[in-house]
Amino acid sequence: MKKTQTDLLQGTLDLLVLKTLQSGPTHGWDIAQRIQQISNDVLRVGQGSLYPALHRLEAQGWIASEWGASENNRKAKYYKLTAAGRKQLEAETETWRRFTGAVELILKTS
Amino acid sequence: MLKKLRLRLRALFFKPKMEDELQAELQFHLEREIEENTARGMTPEDARYAAIRSFGGVERVKEESRDVRGVRLLEEVWQDLHYGARMLVKSPSFTLTVILTLALGIGANTAIFSVVNKALLESLPYPDPDRIVQLMHFSPSWALGELANTASVPEFIVFREQRQVFQEIAAYDSVKGVNLIGAEPPEILRAIHVSANYFRLFGAPIEIGRAFSADEDRPGGPHLVVISNGLWHRRFGGDRGLVGQSLSLGGEPYVVIGVLGSGFMADSSAEILLPLQADPESTNPAHVIRVAARLKPGVMLAEAKAQMQLAHEMFRLKFPNWNSSMISLESFTAEPLGDVTVGEVRRPLLVLLGAVGLVLLIACANVANLLMARATGRRREMAIRAALGASRQRIISQTLIEGLLLSLTGGALGLLLGYAGVRALLGVRPADMPRISSAVSLDWRVLAFTLLLSVSTGIIFGILPAFSDGSKMQASAALWESGARTGSGPRQRRARSILVIAEVAMALILLAGAGLLIRTFWALRTVDPGFDAHNVLTMEMSLSGTPFQTAPSVAQLIREAERRIESLPGVGAVAATYSLPLENLLGGPVAIEGLPNDSYVTSLCYVSQRYFEVFRIPLLHGRVFTDRDDDQAPAVALINQAMAEGRSEYRWSSTFPWRKGDPLGERVTVGKGLGTPFEDHTRQIIGVVGEVRDLGLNRNPPPMMYVPIGQMTDGFARMISGDLPIRWVIQTRTERYSLRVDIERELRAASGGLPVAHIRSMEQVVGESIARNRFSMILLTVFAGLALVLGVIGVYGVMTYAVQHRTKEIGIRVALGARPQDIRRMVMLEGMRLALIGVLLGIVGALELTPLMASLLYGVQPSNPTVLTLAAVLLGAVALFAAYIPARRATRVDPMLVLRWE
């Protein structure tokens with residue numbers, strides 16, 4: 001039971017990360033910042049879950065990483081979406097829409 | 001996919017690099033966070049702390065990030081292995097004890113299993129061996145392997161007609177010596193006669209030349225020989241030109257037509273194969289051959305058996321008088337050749353396998369005990385690991401890996417021990433043990449068996465301590481307790497007590513079994529065999545094909561040889577016979593003059609006159625043979641006491657009374673009505689001699705008739721010279737080795753150059769007859785010894801631990817005025833309580849299990865109270881000793897020290 005909950009959260013975070021990377025390669029800290037900004041501080045990504053998620057997505061082959069220079073010229077690890085990641089993003093976006101639609105339906109009816 | 005794989009491989013092989021990168025990445029994140037915080041106006045100090053706080057545990061993030069690499073399991077196993085090995089090396093005495101205990105248990109099992117594997121599990125080395133059956137006699141009261149697998153030629157002729165169910169019905173006789181003369185040095189070769197399809201039935205490969213054809217396998221067929229690959233190399237240097245040449249075998253030329261391939265392992269050790277050339281018209285009732293056949297495709301064993309019963313009916317119609325004159329046979333049957341070959345060693349081997357299994361269980365109990373004690377000692381360590389975030393699975397996997405590490409090391413060592421054990425086993429094995437030759441090796445089955453033992457013991461040991469209260473405890477509780485005395489819960493102590501009780505019980509069962517076998521062996525060594533084997537030498541000479549084919553010529557040879565050998569210094573009486581005590585092979589029906597032709601069957605022994613002197617067999621009534629009892633004199637015979645008393649407990653004899661209550665002067669005829677060569681002269685009984693245990697030391701003496709070898713019929717002399725070698729028995733006063741050489745020289749001189757073979761002392765013959773008993777006894781005694789030692793270690797370990805555990809309690813008791821003897825008694829009573837329960841359970845177990853070995857025993861009942869009592873007392877005494885040492889240690893507890901230490 002606890003597992004499904006984590007899965008859901010994980011899935012959500014994955015979707016957010018993929019979505020963020022859609023606009024171009026960037027590093028972990030920036031991803032966390034952007035999610036926070038775009039969601040008007042509603043969604044705060046704990047660093048404790050961000051990096052495992054990044055590594056998991058990389059292990060799945062949806063994102064790829066390379067070392068590059070950061071905006072203040074320090075060595076940072078940049079993540080970018082792969083072709084498989086793009087497809088995954090589409091699929092997950094679709095799933096997410098259907099899911100939220102369903103939840104909304106339930107909320108409306110009850 | 002490929003990318004994923006690359007990532008994982010990278011994770012596995014470039015671990016340090018990956019770790020560095022992870023570190024750098026997280027470091028970057030942290031620094032950005034700090035910058036951001038500073039930008040918001042925090043002091044550098046605050047910015048740093050806020051960043052770290054919001055970040056959460058760096059290590060946890062790292063661990064989780066590592067998780068997703070998918071090699072976590074492998075990494076952890078590697079880590080656990082590393083850690084486990086380090087922990088084990090850190091406590092060498094514990095590790096060594098466990099590994100040695102396991103190695104002993106696994107090694108003993110490996111050794112016994114290799115033998116059992118070879119004898120009972122491995123298929124016979126023939127093509128499709130499960131389809132080969134032995135065609136033989138059947139009687140519900142017979143055990144397999146007892147005389148029953150032989151047949152006579154007329155029976156073979158009938159068997160051969162059962163083609164509805166069998167194909168390749170082949171006959172072969174047992175190995176006999178044939179003289180190879182005309183080439184230097186002359187020697188006796190081991191020969192068997194086989195029917196033509198023997199080669200096809202057993203898939204005998206032909207290296208060069210060919211096997212016999214069916215046409216050559218007929219009475220009066222050509223003299224041909226196929227020789228074994230071993231002989232071809234040993235005697236003829238692998239000369240390919242040998243085929244087509246002629247060898248002088250038993251004085252007649254035989255043409256070599258083929259050489260067997262080297263891979264062929266017949267159950268006999270024959271060096272030459274001669275055509276059987278069985279006569280379809282034969283009425284020869286002697287059981288001199290064995291018959292094997294292959295079941296036709298699709299034929300079930302049960303159908304074959306039914307067909308053999310029909311064959312028995314046919315046989316009775318063909319020979320209506322057969323039963324009245326020969327061993328009464330109830331029916332014919334077909335039995336799997338493998339079962340018949342293994343025969344009566346199956347039970348002893350299974351008993352040994354069971355015994356060695358108990359040894360392993362005891363070893364396991366000991367190791368489990370040790371590991372549990374250790375697990376208790378490591379509660380703090382485990383608790384700390386749990387507090388640092390190790391999951392329950394992780395802790396169990398750690399103990400599991402340690403268990404496996406121990407058991408696999410023990411198993412590897414056990415394999416070495418097992419290999420040595422097999423060598424040792426082969427050293428003490430009985431020579432006549434079927435299928436067990438020096439070829440016993442550790443094959444894949446044995447390796448799999450050992451691996452299975454090791455892995456399963458390891459898993460059990462690994463899981464056991466983890467599930468004893470070690471891993472369930474609250475981490476905090478264990479941490480609060482002070483390390484030295486973190487005790488074992490009552491549950492765990494009960495578990496350890498049960499293990500010790502089980503160990504003691506199993507040790508008692510093994511001791512009882514060993515005791516029974518020792519008693520058996522002792523009984524066999526001390527039973528009066530009826531003859532004196534001391535200082536008697538025996539050797540063989542084959543008369544097959546030699547000029548000695550009539551009674552007078554054989555008698556002349558014997559007289560000459562006796563004269564020559566007796567003139568050697570250090571030699572006492574000399575005699576000749578066709579059958580040695582304990583190795584008698586002859587027998588036949590006896591008709592008593594004036595009585596109806598009842599089929600009384602007796603063993604027969606053809607001897608020269610001084611036979612009784614050589615073996616010191618006492619004369620009870622009448623007289624023994626003299627040199628006047630030759631072929632010109634009236635035919636005479638001696639009988640043994642069993643026959644004189646009409647005593648016989650063997651199935652092939654009926655009992656009968658002598659007419660006047662006294663056999664002296666009665667006239668008897670062996671094989672009456674059977675015709676040449678089986679019908680003997682009518683003989684007068686001139687004396688009664690003591691009985692010899694001819695069927696084996698564990699069997700009562702059979703009725704026996706002794707006949708002067710010089711008085712045999714010529715027909716019998718011709719037949720016997722082809723079947724059995726003559727055996728010389730020589731009483732010596734000094735046992736110098738050169739005597740054998742002198743005797744051999746004189747024998748060759750007396751016989752015109754015939755080779756002599758198989759020189760043994762009679763003590764050796766006696767030893768060989770009880771070699772199997774000795775084998776089982778030695779092994780079971782070794783196992784019982786192992787069990788005893790392991791059991792003692794078990795009791796000692798548990799008591800030592802209990803004393804350590806109760807140090808505080810004992811200290812308080814002493815402080816309150818308990819005397820040393822009270823403390824000692826208290827500890828010893830506890831130890832003895834466990835031992836006593838174990839002993840009682842063991843006695844119950846022994847009473848249940850020892851009847852399984854009844855067939856291995858002689859002169860002692862399976863439930864023998866003396867043996868059980870002795871085993872119990874021995875085990876009790878040893879347990880007492882094992883409990884005494886920790887008890888004494890307990891009395892030395894210094895109360896002040898203990899109390900201050902609190």
# chains A, B, ... in the order shown; residues from 1 in each chain; ligands from 1
>>> interface_residues(of="chain A", to="chain B", cutoff="12 Å", atoms="only C-alpha atoms", output="tab-separated table (two decimals) with N, CA and C atoms, in the first residue's frame")
chain	number	residue	atom	x	y	z
A	27	HIS	N	21.38	21.39	-15.14
A	27	HIS	CA	21.88	20.56	-14.05
A	27	HIS	C	20.84	20.43	-12.93
A	28	GLY	N	21.14	19.59	-11.96
A	28	GLY	CA	20.19	19.20	-10.91
A	28	GLY	C	19.64	20.38	-10.14
A	29	TRP	N	20.52	21.25	-9.72
A	29	TRP	CA	20.08	22.36	-8.89
A	29	TRP	C	19.08	23.22	-9.65
A	30	ASP	N	19.39	23.49	-10.93
A	30	ASP	CA	18.53	24.30	-11.77
A	30	ASP	C	17.17	23.64	-11.93
A	31	ILE	N	17.16	22.30	-12.08
A	31	ILE	CA	15.90	21.59	-12.24
A	31	ILE	C	15.02	21.83	-11.02
A	32	ALA	N	15.63	21.68	-9.85
A	32	ALA	CA	14.87	21.88	-8.61
A	32	ALA	C	14.32	23.31	-8.55
A	33	GLN	N	15.19	24.28	-8.89
A	33	GLN	CA	14.78	25.68	-8.85
A	33	GLN	C	13.60	25.95	-9.78
A	44	ARG	N	7.87	21.70	-4.04
A	44	ARG	CA	9.26	21.79	-3.64
A	44	ARG	C	9.89	20.40	-3.78
A	45	VAL	N	10.93	20.35	-4.57
A	45	VAL	CA	11.57	19.05	-4.77
A	45	VAL	C	12.70	18.90	-3.77
A	46	GLY	N	12.55	17.95	-2.88
A	46	GLY	CA	13.62	17.65	-1.93
A	46	GLY	C	14.82	17.13	-2.71
A	47	GLN	N	15.99	17.63	-2.36
A	47	GLN	CA	17.18	17.17	-3.05
A	47	GLN	C	17.38	15.66	-2.84
A	48	GLY	N	16.85	15.24	-1.69
A	48	GLY	CA	16.99	13.81	-1.36
A	48	GLY	C	16.26	12.93	-2.35
A	49	SER	N	15.20	13.46	-2.98
A	49	SER	CA	14.54	12.61	-3.97
A	49	SER	C	14.94	12.98	-5.39
A	50	LEU	N	15.45	14.20	-5.56
A	50	LEU	CA	15.78	14.63	-6.92
A	50	LEU	C	16.91	13.79	-7.52
A	51	TYR	N	17.99	13.65	-6.79
A	51	TYR	CA	19.14	12.97	-7.39
A	51	TYR	C	18.90	11.48	-7.64
A	52	PRO	N	18.28	10.80	-6.67
A	52	PRO	CA	17.93	9.41	-7.00
A	52	PRO	C	17.07	9.34	-8.25
A	53	ALA	N	16.12	10.31	-8.38
A	53	ALA	CA	15.23	10.29	-9.54
A	53	ALA	C	16.04	10.50	-10.82
A	54	LEU	N	16.95	11.46	-10.79
A	54	LEU	CA	17.79	11.73	-11.97
A	54	LEU	C	18.57	10.48	-12.37
A	55	HIS	N	19.14	9.83	-11.37
A	55	HIS	CA	19.95	8.65	-11.67
A	55	HIS	C	19.10	7.51	-12.19
A	56	ARG	N	17.88	7.45	-11.65
A	56	ARG	CA	16.97	6.40	-12.10
A	56	ARG	C	16.57	6.65	-13.55
A	57	LEU	N	16.26	7.90	-13.86
A	57	LEU	CA	15.85	8.22	-15.22
A	57	LEU	C	17.00	7.96	-16.19
A	58	GLU	N	18.20	8.24	-15.71
A	58	GLU	CA	19.36	8.01	-16.56
A	58	GLU	C	19.55	6.51	-16.79
A	59	ALA	N	19.33	5.73	-15.68
A	59	ALA	CA	19.46	4.27	-15.79
A	59	ALA	C	18.41	3.73	-16.76
A	60	GLN	N	17.22	4.39	-16.82
A	60	GLN	CA	16.17	3.94	-17.73
A	60	GLN	C	16.51	4.32	-19.17
A	61	GLY	N	17.45	5.24	-19.32
A	61	GLY	CA	17.82	5.69	-20.66
A	61	GLY	C	16.96	6.83	-21.16
A	62	TRP	N	16.22	7.49	-20.28
A	62	TRP	CA	15.35	8.58	-20.73
A	62	TRP	C	16.08	9.91	-20.74
A	63	ILE	N	17.05	10.01	-19.89
A	63	ILE	CA	17.87	11.22	-19.94
A	63	ILE	C	19.33	10.78	-20.02
A	64	ALA	N	20.18	11.70	-20.49
A	64	ALA	CA	21.60	11.42	-20.56
A	64	ALA	C	22.32	12.54	-19.86
A	65	SER	N	23.53	12.29	-19.42
A	65	SER	CA	24.23	13.32	-18.68
A	65	SER	C	25.61	13.56	-19.26
A	66	GLU	N	26.10	14.77	-19.08
A	66	GLU	CA	27.51	15.03	-19.39
A	66	GLU	C	27.97	16.21	-18.52
A	67	TRP	N	29.25	16.22	-18.31
A	67	TRP	CA	29.79	17.31	-17.48
A	67	TRP	C	30.02	18.55	-18.33
A	68	GLY	N	29.65	19.67	-17.76
A	68	GLY	CA	29.86	20.90	-18.50
A	68	GLY	C	30.11	22.05	-17.51
A	69	ALA	N	30.26	23.28	-18.05
A	69	ALA	CA	30.50	24.42	-17.18
A	69	ALA	C	29.16	25.05	-16.82
A	70	SER	N	29.01	25.43	-15.58
A	70	SER	CA	27.75	26.02	-15.13
A	70	SER	C	27.74	27.51	-15.45
A	71	GLU	N	26.62	28.20	-15.15
A	71	GLU	CA	26.48	29.61	-15.46
A	71	GLU	C	27.57	30.42	-14.75
A	72	ASN	N	28.01	30.01	-13.57
A	72	ASN	CA	29.09	30.73	-12.90
A	72	ASN	C	30.43	30.02	-13.10
A	73	ASN	N	30.48	29.27	-14.21
A	73	ASN	CA	31.73	28.68	-14.64
A	73	ASN	C	32.33	27.64	-13.70
A	74	ARG	N	31.43	26.85	-13.14
A	74	ARG	CA	31.95	25.73	-12.34
A	74	ARG	C	31.54	24.42	-13.01
A	75	LYS	N	32.24	23.37	-12.62
A	75	LYS	CA	31.95	22.08	-13.24
A	75	LYS	C	30.63	21.55	-12.71
A	76	ALA	N	29.70	21.29	-13.62
A	76	ALA	CA	28.39	20.78	-13.19
A	76	ALA	C	27.93	19.67	-14.13
A	77	LYS	N	27.08	18.83	-13.61
A	77	LYS	CA	26.60	17.72	-14.43
A	77	LYS	C	25.30	18.13	-15.09
A	78	TYR	N	25.30	18.12	-16.42
A	78	TYR	CA	24.13	18.55	-17.18
A	78	TYR	C	23.34	17.35	-17.66
A	79	TYR	N	22.03	17.44	-17.50
A	79	TYR	CA	21.16	16.36	-17.97
A	79	TYR	C	20.40	16.84	-19.18
A	82	THR	N	16.68	12.36	-23.80
A	82	THR	CA	17.03	11.54	-24.95
A	82	THR	C	15.77	11.35	-25.78
A	84	ALA	N	14.27	8.57	-26.36
A	84	ALA	CA	13.36	7.70	-25.59
A	84	ALA	C	12.68	8.51	-24.51
>>> residues_around(residues="stretch 882-887 of chain B", least_positions_apart="3", cutoff="9 Å", atoms="only C-alpha atoms", output="number ranges by chain")
B: 792-804, 823-832, 877-879, 890-891
>>> residues_around(residues="stretch 214-230 of chain B", least_positions_apart="2", cutoff="10 Å", atoms="only C-alpha atoms", output="PyMOL selection string")
chain B and resi 191+193-197+206-212+232-238+243-244+246-247+249+252-265+269-281
>>> select_by_dssp(residues="chain A", states="strand (DSSP E or B)", output="ChimeraX atom specification")
/A:26-27,63-69,75-81
>>> atom_distance(atom1="atom CA of B:Ala204", atom2="atom CA of B:Ile169")
14.8 Å
>>> residues_around(residues="stretch 412-427 of chain B", least_positions_apart="4", cutoff="12 Å", atoms="only C-alpha atoms", output="MDAnalysis selection string")
chainID B and resid 96 98:118 360 404:408 431:433 435:443 446:455 771:772 774:776 778:779 782
>>> residues_around(residues="stretch 696-703 of chain B", least_positions_apart="6", cutoff="8 Å", atoms="only C-alpha atoms", output="ChimeraX atom specification")
/B:524,527,529,582,602-603,639-643,646-650,769-770,858
>>> write_last_selection(atoms="N, CA and C atoms", output="PDB file, in the first residue's frame")
ATOM      1  N   LEU B 524      32.635 -62.946  15.043  1.00  0.00           N
ATOM      2  CA  LEU B 524      33.154 -63.648  13.867  1.00  0.00           C
ATOM      3  C   LEU B 524      34.615 -64.033  14.046  1.00  0.00           C
ATOM      4  N   VAL B 527      34.522 -66.928  16.760  1.00  0.00           N
ATOM      5  CA  VAL B 527      33.752 -68.139  16.540  1.00  0.00           C
ATOM      6  C   VAL B 527      34.708 -69.220  16.056  1.00  0.00           C
ATOM      7  N   PRO B 529      35.894 -71.640  13.663  1.00  0.00           N
ATOM      8  CA  PRO B 529      35.556 -71.906  12.262  1.00  0.00           C
ATOM      9  C   PRO B 529      35.543 -73.402  11.958  1.00  0.00           C
ATOM     10  N   LEU B 582      35.620 -72.356   3.771  1.00  0.00           N
ATOM     11  CA  LEU B 582      35.015 -71.038   3.545  1.00  0.00           C
ATOM     12  C   LEU B 582      34.845 -70.707   2.067  1.00  0.00           C
ATOM     13  N   THR B 602      24.154 -82.464   0.064  1.00  0.00           N
ATOM     14  CA  THR B 602      25.283 -82.172   0.938  1.00  0.00           C
ATOM     15  C   THR B 602      26.353 -81.420   0.160  1.00  0.00           C
ATOM     16  N   SER B 603      27.186 -80.720   0.908  1.00  0.00           N
ATOM     17  CA  SER B 603      28.367 -80.151   0.265  1.00  0.00           C
ATOM     18  C   SER B 603      29.376 -81.275   0.082  1.00  0.00           C
ATOM     19  N   ILE B 639      32.209 -88.079   6.733  1.00  0.00           N
ATOM     20  CA  ILE B 639      31.170 -87.042   6.789  1.00  0.00           C
ATOM     21  C   ILE B 639      31.417 -86.184   8.020  1.00  0.00           C
ATOM     22  N   ASN B 640      30.861 -84.993   7.993  1.00  0.00           N
ATOM     23  CA  ASN B 640      31.049 -84.147   9.181  1.00  0.00           C
ATOM     24  C   ASN B 640      29.901 -84.370  10.160  1.00  0.00           C
ATOM     25  N   GLN B 641      30.043 -83.755  11.317  1.00  0.00           N
ATOM     26  CA  GLN B 641      29.103 -83.997  12.396  1.00  0.00           C
ATOM     27  C   GLN B 641      27.684 -83.576  12.016  1.00  0.00           C
ATOM     28  N   ALA B 642      27.577 -82.470  11.308  1.00  0.00           N
ATOM     29  CA  ALA B 642      26.250 -81.997  10.919  1.00  0.00           C
ATOM     30  C   ALA B 642      25.536 -83.053  10.084  1.00  0.00           C
ATOM     31  N   MET B 643      26.270 -83.679   9.171  1.00  0.00           N
ATOM     32  CA  MET B 643      25.643 -84.691   8.336  1.00  0.00           C
ATOM     33  C   MET B 643      25.370 -85.957   9.152  1.00  0.00           C
ATOM     34  N   GLY B 646      22.344 -85.649  10.874  1.00  0.00           N
ATOM     35  CA  GLY B 646      21.207 -85.360  10.000  1.00  0.00           C
ATOM     36  C   GLY B 646      20.720 -83.942  10.175  1.00  0.00           C
ATOM     37  N   ARG B 647      21.646 -83.093  10.566  1.00  0.00           N
ATOM     38  CA  ARG B 647      21.317 -81.719  10.894  1.00  0.00           C
ATOM     39  C   ARG B 647      21.474 -80.876   9.629  1.00  0.00           C
ATOM     40  N   SER B 648      20.523 -80.051   9.387  1.00  0.00           N
ATOM     41  CA  SER B 648      20.695 -79.111   8.285  1.00  0.00           C
ATOM     42  C   SER B 648      19.649 -78.034   8.370  1.00  0.00           C
ATOM     43  N   GLU B 649      20.099 -76.807   8.369  1.00  0.00           N
ATOM     44  CA  GLU B 649      19.115 -75.731   8.418  1.00  0.00           C
ATOM     45  C   GLU B 649      19.081 -75.016   7.083  1.00  0.00           C
ATOM     46  N   TYR B 650      19.707 -75.595   6.089  1.00  0.00           N
ATOM     47  CA  TYR B 650      19.755 -74.903   4.809  1.00  0.00           C
ATOM     48  C   TYR B 650      18.676 -75.411   3.893  1.00  0.00           C
ATOM     49  N   SER B 769      36.917 -63.528   3.931  1.00  0.00           N
ATOM     50  CA  SER B 769      35.527 -63.964   4.084  1.00  0.00           C
ATOM     51  C   SER B 769      34.737 -63.034   4.988  1.00  0.00           C
ATOM     52  N   ILE B 770      35.429 -62.287   5.853  1.00  0.00           N
ATOM     53  CA  ILE B 770      34.689 -61.357   6.710  1.00  0.00           C
ATOM     54  C   ILE B 770      35.077 -59.911   6.418  1.00  0.00           C
ATOM     55  N   TYR B 858      25.849 -60.585  13.478  1.00  0.00           N
ATOM     56  CA  TYR B 858      26.003 -62.001  13.787  1.00  0.00           C
ATOM     57  C   TYR B 858      26.311 -62.132  15.265  1.00  0.00           C
TER      58      TYR B 858
END
>>> select_by_dssp(residues="chain A", states="helix (DSSP H, G or I)", output="PyMOL selection string")
chain A and resi 2-22+28-38+47-60+83-109
>>> closest_residue(among="B:Lys672, B:Arg748, B:Arg892, B:Arg347", to="B:Glu187", atoms="only C-alpha atoms")
B:Arg748
>>> closest_residue(among="B:Pro862, B:Leu856, B:Ser93, B:Ala871", to="B:Phe521", atoms="only C-alpha atoms")
B:Leu856
